[in-house]
Amino acid sequence: MTDTRTTDTVASAGQSPDVDQPYAELGLKDDEYQEIRRILGRRPTSAELAMYSVMWSEHCSYKSSKVHLRQFGDKVPETDAMLVGIGENAGVVDIGDGWAVTFKVESHNHPSYVEPYQGAATGVGGIVRDIISMGARPLAVMDPLRFGPADAPDTHRVLRGVVEGIGGYGNCLGLPNIGGEIVFDESYLGNPLVNALCVGAMKHDDVHLASAKGVGNQVILYGARTGGDGIGGVSVLASETFDADGPAKRPSVQVGDPFMEKLLIECTLEVLGAGIVEGIQDLGGAGISCATSELASNGDGGMHVELDKVLLRDATLTPEEILMSESQERMCAVVQPENVEAFLEICKKWDVEAVVIGEVTDSGRLTVDWHGEQIVDVPPRSVAHDGPVYERPYARPDWQDQLQADSAAKLARPQTGEELRETLLRLVGSSNLADKSWITNQYDRYVRGNTVLAQPEDAGVVRVDEETGRGVAISTDCNGRFTKLDPYKGAQLALAESYRNVAATGAVPLAITDCLNFGSPEDPDVMWQFEQAVTGLADGCLQLGTPVTGGNVSFYNQTGEAPILPTPVVGVLGVFDDVDRRTAMSWESDGDQIYLLGETRDEFDGSEWAHVVHGHLGGLPPELDLEAERQLGQILVAASRDGMITAAHDVSDGGVAQALVEMALKAGTGARTWTPDGIDTFTHLFSESATRAVVVIPRSEELRFTAMCQARSFPCTRIGVVDSQLDGDNQLLEFGDDFTVSLNELRETHTATLPNLFA
Amino acid sequence: MARVVVDVSLKPEILDPQGRAVQGALGRLGLEGVADVRQGKQFVIELEGELDQEQRAKLEELAGSLLSNPVIEDYTVSINESTDSGSTAGAN
Amino acid sequence: MARVVVDVSLKPEILDPQGRAVQGALGRLGLEGVADVRQGKQFVIELEGELDQEQRAKLEELAGSLLSNPVIEDYTVSINESTDSGSTAGAN
Amino acid sequence: MSARIGVVTFPGTLDDIDAARAVRIGGAEPVNLWHADEDLAGIDAVILPGGFSYGDYLRCGAISRFAPLMTRVIERAHEGMPVLGICNGFQILCESHLLPGALARNDGLHFVCRDQWLRVENSNTAWTTAYSPDSEILVPLKNGEGRFVADDYTLDQLEGEGRVVFRYLRGNPNGSYRDIAGICNENGNVVGLMPHPEHAVEDLTGPSLDGVGLITSVIENYVAQESFA
Ligand SMILES: Nc1ncnc2c1ncn2[C@@H]1O[C@H](COP(=O)(O)OP(=O)(O)O)[C@@H](O)[C@H]1O
Ligand SMILES: [Mg+2]
């Protein structure tokens, strides 16, 4: 595109119907192009083509996933909590006392592979703007991450960049990072996952929606100037696979400016607080195309934009590029004419540039002018909401049976105490189970002074209301190996684990968000995994009573023909009436009793042990009874409410052994533990059966607590006692007669792994 | 001894928030007419002895991979070999 | 248009951990004989029109107060005025 | 009347609400100040909080130092008003030359967020009288450019005059010269430190309550002055 070219106007499109258009290069299929011609009754102008191509990309239109995602709307559990559901920038739930909370997780996977620092940074920036555009003050962020093997050279590059990007952006923006995940697996080597979650809060009255209502109202674009960033990024970066030797296309990447984003937060909250905003929308993927068409489509149906009013960073941009640009840190607001001046004044106070670019009309059309000539005239719904919908073929892969038949039962298990000890140390130091503080210590968890729990606790907990202590807990989880073995069950296990983590802190689980990371939807195997996972998640949410408030789908996560492990990351939000009663993970006092809640079965398929020791993946994931999961949650919440326990920690990857080690190391205090009757030590320590937690109970509460579990017929087994005196000052963790290990040795092993690899 | 200076700057089309912040500050502090500011990095590398062909090639390669990120940055390498008789300059 | 380049570097006596890290990496990646690396900043400032005396003085002042911190950094200013006939360079 | 302690917000300041909360918990009245104001609103003391003012682009604190309000803060600091700079605020005080030295990139090159032990080396400054001499306190630390540097002459002078107010204990997190975490001016009314006492004022959210002492110190001194007045 050169600037000597004449502008392709709506009028000229009528006069030259047969011009060849590069729709294929823009990612549109033949029939999609024909559909656009049908909608418009003529060929699209190049600006219209740009708009449709980005908005009809997989990333923006959900064309492959829509038919399945409908289940989230069809299988909604009964709840009063949902104030705004799926379809808005982020869902909103009621947490009581007039407070509403909005939260959402999104992916920035492909950009983070190309340019890890900026990819991850702008991922954080994007999700934060989704939260502000609902009218909420962002409270905290989380970052579920997946990388290739920890010792692979490219992981070094990607991980360091991603972590610095998340820290660099989040720290500078002033949002505490309260949790996330870091998982290493071969399948993510050429395709890391960078998901980012943000949670925000507002009073019920302050909820804002993205709609352009009120004919004559002005459309204001504010924030950073529009540049050539990530042009085509939406369709190219987010929707196309890389070949073996790197990205096929290397469009200019987006660069984040967290300082501008901080100003944007404060400025936006101030204009919203002043009551002078009718509708508001963030600019993310597809930039102005997306914001204007969505605002118009959700509002009175018409909007007129004068594109040459847009403030540019690069004067040579063409109108098509301006429409598609993904420059970061921009927002769009709809404002009554008499309030425009006040709006601009507040922007000025915050050094934020703002300009009126258009107005709401009753034409039912979205029209865009460029230097007085009309270059876009489309029905906004056709761009924003009525994109193509695909029923992609899917089928249970023919390798699935074989995979499930290949159980871990045949693998050699440690027999002697010495072998068990070695196994424990090997797992504790393995990359997935090792201490992650080398990473999380690069994130500010204190800023804003409301962080009650942060990593490595089971869930992040933030106070929302300083007067009452009302607050929320959030955890994100997914075990991609389980999901590969059985995507339906795996997605439910992700939900269950996240639910359990939230309940472990004492919060009442309320609602979820999800980020569905999968391979190519054009592969029927992958599409089957996706369909199964969505169905599993929807069914699970129905059963647990936690509605899906929103989320994100990321397809095409694969290297060549090899897709990533199916990774439906689930984020569960729970509520506290008062965060003061939160339960932390580490024990405190000598003599406190250590109990295991739930039942341990011989379940090693897909386990961390099978992965680390044998490099094995096969069989069936652990059994899951969601009713039991709900009961466990109730017990954990009741125990927190009634002050019966001093600590709780969920049992998942690495089993009871890992849970005990983490609790002991956090406390710096040892314990005597043993293997309960009727089970062997290996299974007790390393099985990954679901629906379990370790809790710590002062002697004075023991009867009351065990009676509560008995009354609910929930298994509850004493497995140890906190003991700081096993060996004088040398703190030990004792595992019955089998073996003991000092906390010093555990700490050394647990903490050395990541710094050795990445520092 | 050879002194090599590698200047690394953001590609012109890439947003430079640091440069923007400096531009704002220069204006507020009374410098008029500032049209643009870009902030880059400069590496000053001292090498022992004379540079051989291999080192030159290696330097060029590392400037474009380690010292700069080709996705968003450009670089220039200039080499100054100081001998007893003085110094010469060259840029790539 | 005038183009002014301000180079800012840490004073030699101040430890430069970034430079040290780069030095280590250059060595590991096969560049032999690296005796020292220092990492500095470079500001490229575009000014409209010709530079007058006042602007030059202001630039010099701001290079030493805003753009660098005299407690730990040194700076140099070089001005390139591009006129139709070409360009000249000067350093302070 | 309780002491009025100003808390300045620059564009990009992040820990202003935290500092205001600490002031409240300590028993004084927080007064929000905006960087572009020229009036100190009758405050008795002022805190420059942490964050990334102007994104910390260019150099931490370099741009904020020139804010209109800073001119007034500098004047009043010379007249003896208690001024506390935390993290980015400390950087601004150094850039303003109210305090000597500078804060450079951490030697580990990473942002570090952790709980940090400090020794209160000088309990006679406007902000530290509530601490007993040599007391050890635990407060969060979080910065990427927190390495205190100065020339030997300045360092010797700071040590000799007892102007090292806080020193890192049990591990220097960023390579600060002589483990210095915080310093003061000659009069002891201007104090700057990298760690964040305002994050150690509530059991619920901090590792200790050790940060409250800075606020109670300045209140004590204020009350003492009032009773003389
Ligand atoms: N996996 C999912 N689960 C639930 N809702 C989803 C999922 N993926 C997308 N959605 C919802 O679809 C809507 C459109 O998503 P998206 O286009 O990503 O929004 P935005 O552009 O604001 O980020 C949002 O409400 C989002 O929450
Ligand atoms: Mg959005």
# chains A, B, ... in the order shown; residues from 1 in each chain; ligands from 1

$ select_by_dssp --residues "chain B" --states "strand (DSSP E or B)" --output "compact mmCIF listing (two decimals) with N, CA and C atoms, in the first residue's frame"
# COMPACT_ATOMS: atom_id res chain seq x y z
N ALA B 2 41.02 -2.80 20.73
CA ALA B 2 40.04 -2.25 19.80
C ALA B 2 38.81 -1.86 20.61
N ARG B 3 38.20 -0.78 20.22
CA ARG B 3 36.97 -0.37 20.87
C ARG B 3 35.85 -0.45 19.84
N VAL B 4 34.84 -1.22 20.16
CA VAL B 4 33.72 -1.37 19.24
C VAL B 4 32.50 -0.75 19.89
N VAL B 5 31.81 0.08 19.14
CA VAL B 5 30.59 0.68 19.67
C VAL B 5 29.41 0.15 18.86
N VAL B 6 28.47 -0.46 19.57
CA VAL B 6 27.26 -0.93 18.91
C VAL B 6 26.09 -0.06 19.38
N ASP B 7 25.49 0.64 18.44
CA ASP B 7 24.31 1.44 18.77
C ASP B 7 23.07 0.65 18.39
N VAL B 8 22.14 0.56 19.30
CA VAL B 8 20.92 -0.19 19.04
C VAL B 8 19.73 0.76 19.20
N SER B 9 18.90 0.80 18.19
CA SER B 9 17.74 1.69 18.30
C SER B 9 16.48 0.94 17.90
N LEU B 10 15.36 1.37 18.40
CA LEU B 10 14.09 0.77 17.99
C LEU B 10 13.85 1.08 16.53
N VAL B 34 11.13 20.53 19.54
CA VAL B 34 11.51 19.11 19.50
C VAL B 34 10.45 18.34 18.70
N ALA B 35 10.87 17.77 17.60
CA ALA B 35 9.92 17.06 16.74
C ALA B 35 9.82 15.59 17.11
N ASP B 36 10.90 15.04 17.59
CA ASP B 36 10.87 13.61 17.91
C ASP B 36 12.07 13.27 18.78
N VAL B 37 11.89 12.30 19.66
CA VAL B 37 13.01 11.77 20.43
C VAL B 37 12.92 10.25 20.41
N ARG B 38 14.04 9.61 20.13
CA ARG B 38 14.10 8.15 20.22
C ARG B 38 15.21 7.80 21.19
N GLN B 39 14.92 6.84 22.05
CA GLN B 39 15.95 6.43 22.99
C GLN B 39 16.49 5.07 22.61
N GLY B 40 17.80 4.97 22.51
CA GLY B 40 18.42 3.71 22.15
C GLY B 40 19.46 3.29 23.17
N LYS B 41 20.11 2.20 22.86
CA LYS B 41 21.15 1.68 23.75
C LYS B 41 22.48 1.76 23.05
N GLN B 42 23.53 1.85 23.85
CA GLN B 42 24.86 1.87 23.27
C GLN B 42 25.76 0.92 24.05
N PHE B 43 26.39 0.02 23.33
CA PHE B 43 27.33 -0.89 23.99
C PHE B 43 28.74 -0.51 23.57
N VAL B 44 29.59 -0.29 24.53
CA VAL B 44 30.99 -0.02 24.23
C VAL B 44 31.79 -1.24 24.64
N ILE B 45 32.38 -1.87 23.64
CA ILE B 45 33.06 -3.15 23.87
C ILE B 45 34.55 -2.98 23.64
N GLU B 46 35.33 -3.32 24.65
CA GLU B 46 36.79 -3.24 24.50
C GLU B 46 37.32 -4.65 24.23
N LEU B 47 38.09 -4.76 23.17
CA LEU B 47 38.64 -6.07 22.83
C LEU B 47 40.15 -6.04 22.87
N GLU B 73 14.37 -4.05 16.66
CA GLU B 73 15.49 -3.10 16.75
C GLU B 73 16.42 -3.15 15.54
N ASP B 74 17.06 -2.02 15.29
CA ASP B 74 18.14 -1.94 14.31
C ASP B 74 19.45 -1.71 15.05
N TYR B 75 20.55 -1.98 14.41
CA TYR B 75 21.83 -1.72 15.08
C TYR B 75 22.86 -1.23 14.08
N THR B 76 23.86 -0.55 14.61
CA THR B 76 25.04 -0.24 13.80
C THR B 76 26.26 -0.59 14.62
N VAL B 77 27.30 -1.03 13.93
CA VAL B 77 28.54 -1.39 14.61
C VAL B 77 29.62 -0.44 14.12
N SER B 78 30.35 0.20 15.03
CA SER B 78 31.52 0.94 14.55
C SER B 78 32.75 0.50 15.32
N ILE B 79 33.81 0.32 14.56
CA ILE B 79 35.03 -0.24 15.13
C ILE B 79 36.14 0.80 15.11
N ASN B 80 36.79 0.94 16.22
CA ASN B 80 37.86 1.90 16.40
C ASN B 80 39.08 1.15 16.85
N GLU B 81 40.04 0.95 15.97
CA GLU B 81 41.23 0.25 16.45
C GLU B 81 42.30 1.25 16.78
N SER B 82 42.65 1.31 18.05
CA SER B 82 43.67 2.29 18.42
C SER B 82 45.02 1.59 18.43
N THR B 83 45.88 2.08 17.58
CA THR B 83 47.26 1.59 17.56
C THR B 83 48.11 2.73 18.07
N GLY B 86 47.57 6.10 16.24
CA GLY B 86 46.30 6.84 16.18
C GLY B 86 45.15 5.90 16.05
N SER B 87 44.08 6.38 15.50
CA SER B 87 42.90 5.51 15.41
C SER B 87 42.18 5.71 14.10
N THR B 88 41.52 4.69 13.68
CA THR B 88 40.72 4.80 12.48
C THR B 88 39.29 4.41 12.83
N ALA B 89 38.39 4.88 12.06
CA ALA B 89 36.99 4.56 12.37
C ALA B 89 36.32 3.95 11.16
N GLY B 90 35.44 3.06 11.39
CA GLY B 90 34.67 2.49 10.30
C GLY B 90 33.30 2.09 10.80
N ALA B 91 32.36 2.19 9.96
CA ALA B 91 31.01 1.78 10.38
C ALA B 91 30.48 0.78 9.38

$ interface_residues --of "chain B" --to "chain A" --cutoff "10 Å" --atoms "only C-alpha atoms" --output "list in words"
Lys11, Pro12, Glu13, Ile14, Leu15, Asp16, Pro17, Gln18, Ala21, Gly24, Asn69, Pro70, Val71 and Ile72 of chain B

$ write_last_selection --atoms "C-alpha atoms" --output "PDB file, in the first residue's frame"
ATOM      1  CA  LYS B  11      12.920   0.389  14.413  1.00  0.00           C
ATOM      2  CA  PRO B  12      11.260   3.613  13.316  1.00  0.00           C
ATOM      3  CA  GLU B  13       7.784   2.053  13.139  1.00  0.00           C
ATOM      4  CA  ILE B  14       7.962   0.713  16.679  1.00  0.00           C
ATOM      5  CA  LEU B  15       6.498   2.741  19.518  1.00  0.00           C
ATOM      6  CA  ASP B  16       9.150   4.215  21.785  1.00  0.00           C
ATOM      7  CA  PRO B  17       7.446   5.136  25.045  1.00  0.00           C
ATOM      8  CA  GLN B  18      10.733   6.200  26.621  1.00  0.00           C
ATOM      9  CA  ALA B  21       8.406  10.610  27.793  1.00  0.00           C
ATOM     10  CA  GLY B  24       7.475  15.622  26.793  1.00  0.00           C
ATOM     11  CA  ASN B  69      16.379  -7.908  18.840  1.00  0.00           C
ATOM     12  CA  PRO B  70      15.885  -8.019  15.073  1.00  0.00           C
ATOM     13  CA  VAL B  71      12.115  -8.111  15.503  1.00  0.00           C
ATOM     14  CA  ILE B  72      11.993  -4.589  16.876  1.00  0.00           C
TER      15      ILE B  72
END

$ residues_near_ligand --ligand "ligand 2" --cutoff "6 Å" --atoms "only C-alpha atoms and all ligand atoms" --output "list of chain:residue names"
A:Asn89, A:Asp130, A:Asp282

$ interface_residues --of "chain D" --to "chain A" --cutoff "8 Å" --atoms "only C-alpha atoms" --output "list in words"
Pro11, Gly12, Leu14, Asp15, Ile17, Asp18, Gly51, Phe52, Tyr54, Gly55, His110, Phe111, Val112, Cys113, Arg114, Pro140, Lys142, His199, Leu204 and Thr205 of chain D

$ write_last_selection --atoms "all heavy atoms" --output "compact mmCIF listing (two decimals), in the first residue's frame"
# COMPACT_ATOMS: atom_id res chain seq x y z
N PRO D 11 2.19 11.42 37.73
CA PRO D 11 1.70 10.45 36.75
C PRO D 11 2.57 9.19 36.84
O PRO D 11 3.79 9.28 36.71
CB PRO D 11 1.91 11.15 35.40
CG PRO D 11 2.04 12.60 35.73
CD PRO D 11 2.64 12.66 37.10
N GLY D 12 1.95 8.06 37.11
CA GLY D 12 2.71 6.82 37.23
C GLY D 12 3.05 6.44 38.66
O GLY D 12 3.65 5.39 38.90
N LEU D 14 2.37 4.73 42.05
CA LEU D 14 1.53 3.55 42.28
C LEU D 14 1.18 3.34 43.75
O LEU D 14 0.12 2.83 44.06
CB LEU D 14 2.26 2.30 41.77
CG LEU D 14 2.72 2.34 40.32
CD1 LEU D 14 3.48 1.06 39.99
CD2 LEU D 14 1.54 2.51 39.38
N ASP D 15 2.10 3.68 44.65
CA ASP D 15 1.88 3.32 46.04
C ASP D 15 1.32 4.49 46.85
O ASP D 15 1.50 4.55 48.06
CB ASP D 15 3.19 2.83 46.66
CG ASP D 15 3.71 1.58 45.96
OD1 ASP D 15 2.93 0.61 45.85
OD2 ASP D 15 4.87 1.58 45.53
N ILE D 17 -1.92 5.24 47.36
CA ILE D 17 -3.01 4.86 48.25
C ILE D 17 -2.47 4.06 49.44
O ILE D 17 -3.02 4.10 50.52
CB ILE D 17 -4.14 4.09 47.54
CG1 ILE D 17 -3.67 2.71 47.08
CG2 ILE D 17 -4.70 4.86 46.37
CD1 ILE D 17 -4.85 1.78 46.85
N ASP D 18 -1.39 3.37 49.22
CA ASP D 18 -0.76 2.62 50.31
C ASP D 18 -0.15 3.57 51.33
O ASP D 18 -0.28 3.37 52.53
CB ASP D 18 0.32 1.71 49.74
CG ASP D 18 -0.18 0.87 48.59
OD1 ASP D 18 -0.33 1.44 47.48
OD2 ASP D 18 -0.45 -0.32 48.78
N GLY D 51 6.48 3.81 43.02
CA GLY D 51 5.80 3.64 41.75
C GLY D 51 6.78 3.80 40.61
O GLY D 51 7.99 3.61 40.77
N PHE D 52 6.23 4.13 39.47
CA PHE D 52 7.04 4.34 38.27
C PHE D 52 6.62 5.68 37.68
O PHE D 52 5.91 5.72 36.68
CB PHE D 52 6.80 3.24 37.25
CG PHE D 52 7.39 1.90 37.59
CD1 PHE D 52 6.87 1.13 38.60
CD2 PHE D 52 8.48 1.42 36.87
CE1 PHE D 52 7.42 -0.11 38.90
CE2 PHE D 52 9.02 0.18 37.16
CZ PHE D 52 8.49 -0.59 38.18
N TYR D 54 6.27 8.73 35.55
CA TYR D 54 6.63 8.86 34.13
C TYR D 54 7.21 7.57 33.58
O TYR D 54 8.09 7.56 32.72
CB TYR D 54 7.59 10.04 33.91
CG TYR D 54 6.89 11.36 34.15
CD1 TYR D 54 7.00 12.00 35.37
CD2 TYR D 54 6.07 11.92 33.17
CE1 TYR D 54 6.31 13.18 35.61
CE2 TYR D 54 5.39 13.10 33.40
CZ TYR D 54 5.51 13.73 34.62
OH TYR D 54 4.83 14.88 34.86
N GLY D 55 6.70 6.46 34.12
CA GLY D 55 7.10 5.16 33.62
C GLY D 55 8.53 4.77 34.00
O GLY D 55 9.00 3.73 33.60
N HIS D 110 17.39 -7.96 37.81
CA HIS D 110 15.96 -8.26 37.84
C HIS D 110 15.26 -7.39 38.86
O HIS D 110 15.86 -6.95 39.83
CB HIS D 110 15.73 -9.73 38.24
CG HIS D 110 16.17 -10.71 37.22
ND1 HIS D 110 15.58 -10.81 35.98
CD2 HIS D 110 17.16 -11.63 37.23
CE1 HIS D 110 16.19 -11.75 35.28
NE2 HIS D 110 17.14 -12.26 36.01
N PHE D 111 13.99 -7.19 38.62
CA PHE D 111 13.12 -6.61 39.63
C PHE D 111 13.08 -7.61 40.78
O PHE D 111 12.96 -8.81 40.56
CB PHE D 111 11.73 -6.44 39.04
CG PHE D 111 10.76 -5.69 39.91
CD1 PHE D 111 10.59 -4.32 39.76
CD2 PHE D 111 9.99 -6.36 40.85
CE1 PHE D 111 9.68 -3.63 40.54
CE2 PHE D 111 9.08 -5.67 41.64
CZ PHE D 111 8.92 -4.30 41.48
N VAL D 112 13.20 -7.10 42.00
CA VAL D 112 13.18 -8.00 43.17
C VAL D 112 12.03 -7.60 44.08
O VAL D 112 11.92 -6.45 44.49
CB VAL D 112 14.48 -7.87 43.99
CG1 VAL D 112 14.42 -8.81 45.20
CG2 VAL D 112 15.69 -8.19 43.14
N CYS D 113 11.15 -8.57 44.36
CA CYS D 113 10.08 -8.33 45.31
C CYS D 113 10.23 -9.37 46.42
O CYS D 113 10.12 -10.57 46.16
CB CYS D 113 8.72 -8.48 44.63
SG CYS D 113 7.31 -8.34 45.76
N ARG D 114 10.53 -8.93 47.62
CA ARG D 114 10.67 -9.88 48.73
C ARG D 114 10.58 -9.13 50.05
O ARG D 114 10.68 -7.90 50.09
CB ARG D 114 12.00 -10.62 48.62
CG ARG D 114 13.22 -9.78 48.97
CD ARG D 114 14.50 -10.61 48.80
NE ARG D 114 15.61 -10.06 49.56
CZ ARG D 114 16.88 -10.36 49.31
NH1 ARG D 114 17.18 -11.18 48.32
NH2 ARG D 114 17.84 -9.86 50.05
N PRO D 140 8.54 -5.11 53.16
CA PRO D 140 8.68 -5.51 51.76
C PRO D 140 9.66 -4.61 51.01
O PRO D 140 9.81 -3.43 51.32
CB PRO D 140 7.27 -5.34 51.20
CG PRO D 140 6.39 -5.46 52.39
CD PRO D 140 7.15 -4.80 53.50
N LYS D 142 10.71 -3.90 46.82
CA LYS D 142 10.32 -4.22 45.46
C LYS D 142 10.83 -3.13 44.54
O LYS D 142 10.36 -2.01 44.57
CB LYS D 142 8.79 -4.37 45.35
CG LYS D 142 7.99 -3.39 46.20
CD LYS D 142 6.51 -3.39 45.88
CE LYS D 142 6.00 -1.98 45.94
NZ LYS D 142 4.64 -1.77 45.59
N HIS D 199 3.98 -0.84 53.24
CA HIS D 199 3.37 -2.16 53.03
C HIS D 199 3.50 -3.04 54.27
O HIS D 199 3.18 -4.22 54.21
CB HIS D 199 4.04 -2.86 51.84
CG HIS D 199 3.69 -2.25 50.51
ND1 HIS D 199 2.41 -1.89 50.16
CD2 HIS D 199 4.46 -1.95 49.45
CE1 HIS D 199 2.42 -1.38 48.93
NE2 HIS D 199 3.65 -1.39 48.48
N LEU D 204 -2.83 -8.26 57.99
CA LEU D 204 -3.50 -8.96 56.90
C LEU D 204 -2.69 -8.93 55.61
O LEU D 204 -2.70 -9.87 54.82
CB LEU D 204 -4.85 -8.28 56.66
CG LEU D 204 -5.84 -8.96 55.75
CD1 LEU D 204 -6.23 -10.32 56.32
CD2 LEU D 204 -7.08 -8.08 55.59
N THR D 205 -1.99 -7.86 55.36
CA THR D 205 -1.38 -7.67 54.05
C THR D 205 0.14 -7.56 54.07
O THR D 205 0.76 -7.59 53.00
CB THR D 205 -1.92 -6.39 53.39
OG1 THR D 205 -1.72 -5.30 54.31
CG2 THR D 205 -3.40 -6.50 53.09

$ residues_around --residues "Asn756 (chain A)" --least-positions-apart "3" --cutoff "12 Å" --atoms "only C-alpha atoms" --output "short mmCIF file (atom, residue, chain, number, x, y, z; two decimals) with all heavy atoms, in the first residue's frame"
data_model
loop_
_atom_site.label_atom_id
_atom_site.label_comp_id
_atom_site.auth_asym_id
_atom_site.auth_seq_id
_atom_site.Cartn_x
_atom_site.Cartn_y
_atom_site.Cartn_z
N ALA A 150 12.22 -27.33 30.40
CA ALA A 150 12.94 -26.26 31.08
C ALA A 150 14.39 -26.15 30.62
O ALA A 150 14.97 -25.08 30.67
CB ALA A 150 12.89 -26.49 32.59
N ASP A 151 14.97 -27.27 30.16
CA ASP A 151 16.38 -27.19 29.79
C ASP A 151 16.59 -26.96 28.29
O ASP A 151 17.71 -26.97 27.81
CB ASP A 151 17.12 -28.46 30.25
CG ASP A 151 16.42 -29.74 29.79
OD1 ASP A 151 15.43 -29.62 29.03
OD2 ASP A 151 16.87 -30.83 30.18
N HIS A 156 14.73 -20.99 27.43
CA HIS A 156 15.49 -19.95 28.12
C HIS A 156 15.12 -18.57 27.56
O HIS A 156 14.77 -17.65 28.28
CB HIS A 156 16.98 -20.23 27.95
CG HIS A 156 17.86 -19.43 28.83
ND1 HIS A 156 18.43 -18.25 28.42
CD2 HIS A 156 18.25 -19.61 30.10
CE1 HIS A 156 19.16 -17.75 29.40
NE2 HIS A 156 19.06 -18.56 30.44
N GLY A 429 12.53 -31.44 43.04
CA GLY A 429 13.43 -30.60 42.26
C GLY A 429 13.11 -30.58 40.78
O GLY A 429 13.80 -29.93 40.00
N SER A 431 11.27 -29.68 37.25
CA SER A 431 10.94 -28.30 36.85
C SER A 431 9.48 -27.93 37.15
O SER A 431 9.19 -26.81 37.54
CB SER A 431 11.25 -28.09 35.37
OG SER A 431 10.58 -29.05 34.59
N ALA A 434 9.24 -27.68 41.15
CA ALA A 434 10.24 -26.87 41.85
C ALA A 434 9.65 -25.52 42.25
O ALA A 434 8.65 -25.07 41.71
CB ALA A 434 11.45 -26.66 40.95
N ASP A 435 10.31 -24.93 43.21
CA ASP A 435 9.92 -23.61 43.70
C ASP A 435 9.97 -22.58 42.56
O ASP A 435 10.94 -22.53 41.82
CB ASP A 435 10.90 -23.21 44.80
CG ASP A 435 10.69 -21.80 45.28
OD1 ASP A 435 9.58 -21.49 45.71
OD2 ASP A 435 11.65 -20.99 45.19
N TRP A 438 11.84 -17.79 41.95
CA TRP A 438 12.77 -17.04 41.11
C TRP A 438 11.98 -16.21 40.08
O TRP A 438 12.36 -15.10 39.72
CB TRP A 438 13.74 -17.97 40.38
CG TRP A 438 14.73 -17.19 39.56
CD1 TRP A 438 15.86 -16.58 40.02
CD2 TRP A 438 14.64 -16.87 38.17
NE1 TRP A 438 16.48 -15.91 39.00
CE2 TRP A 438 15.76 -16.06 37.85
CE3 TRP A 438 13.72 -17.17 37.15
CZ2 TRP A 438 15.99 -15.57 36.57
CZ3 TRP A 438 13.95 -16.67 35.88
CH2 TRP A 438 15.07 -15.89 35.58
N GLU A 748 17.04 -26.78 49.47
CA GLU A 748 18.11 -26.71 48.49
C GLU A 748 17.64 -27.26 47.14
O GLU A 748 17.78 -26.64 46.09
CB GLU A 748 19.27 -27.55 49.00
CG GLU A 748 20.55 -27.33 48.26
CD GLU A 748 21.51 -26.51 49.13
OE1 GLU A 748 21.07 -25.55 49.81
OE2 GLU A 748 22.67 -26.83 49.12
N THR A 749 17.08 -28.45 47.20
CA THR A 749 16.64 -29.14 45.98
C THR A 749 15.49 -28.40 45.31
O THR A 749 15.43 -28.27 44.09
CB THR A 749 16.17 -30.57 46.34
OG1 THR A 749 17.15 -31.16 47.18
CG2 THR A 749 15.98 -31.41 45.10
N HIS A 750 14.59 -27.93 46.13
CA HIS A 750 13.36 -27.30 45.63
C HIS A 750 13.64 -25.95 45.00
O HIS A 750 13.04 -25.58 43.99
CB HIS A 750 12.41 -27.13 46.83
CG HIS A 750 11.01 -26.77 46.47
ND1 HIS A 750 10.28 -27.40 45.49
CD2 HIS A 750 10.15 -25.86 46.99
CE1 HIS A 750 9.08 -26.88 45.42
NE2 HIS A 750 8.97 -25.95 46.30
N THR A 751 14.57 -25.19 45.59
CA THR A 751 14.76 -23.80 45.13
C THR A 751 15.86 -23.66 44.09
O THR A 751 15.92 -22.64 43.41
CB THR A 751 15.08 -22.86 46.30
OG1 THR A 751 16.22 -23.38 46.98
CG2 THR A 751 13.92 -22.77 47.27
N ALA A 752 16.73 -24.66 43.97
CA ALA A 752 17.90 -24.46 43.09
C ALA A 752 17.54 -24.58 41.61
O ALA A 752 18.20 -24.00 40.75
CB ALA A 752 18.99 -25.47 43.43
N THR A 753 16.48 -25.32 41.30
CA THR A 753 16.22 -25.71 39.91
C THR A 753 16.08 -24.52 38.96
O THR A 753 16.79 -24.42 37.96
CB THR A 753 14.95 -26.58 39.85
OG1 THR A 753 15.08 -27.61 40.82
CG2 THR A 753 14.77 -27.17 38.48
N ALA A 759 18.78 -18.20 35.68
CA ALA A 759 19.36 -16.95 36.21
C ALA A 759 20.56 -16.51 35.39
O ALA A 759 21.17 -17.31 34.70
CB ALA A 759 19.76 -17.13 37.66
#
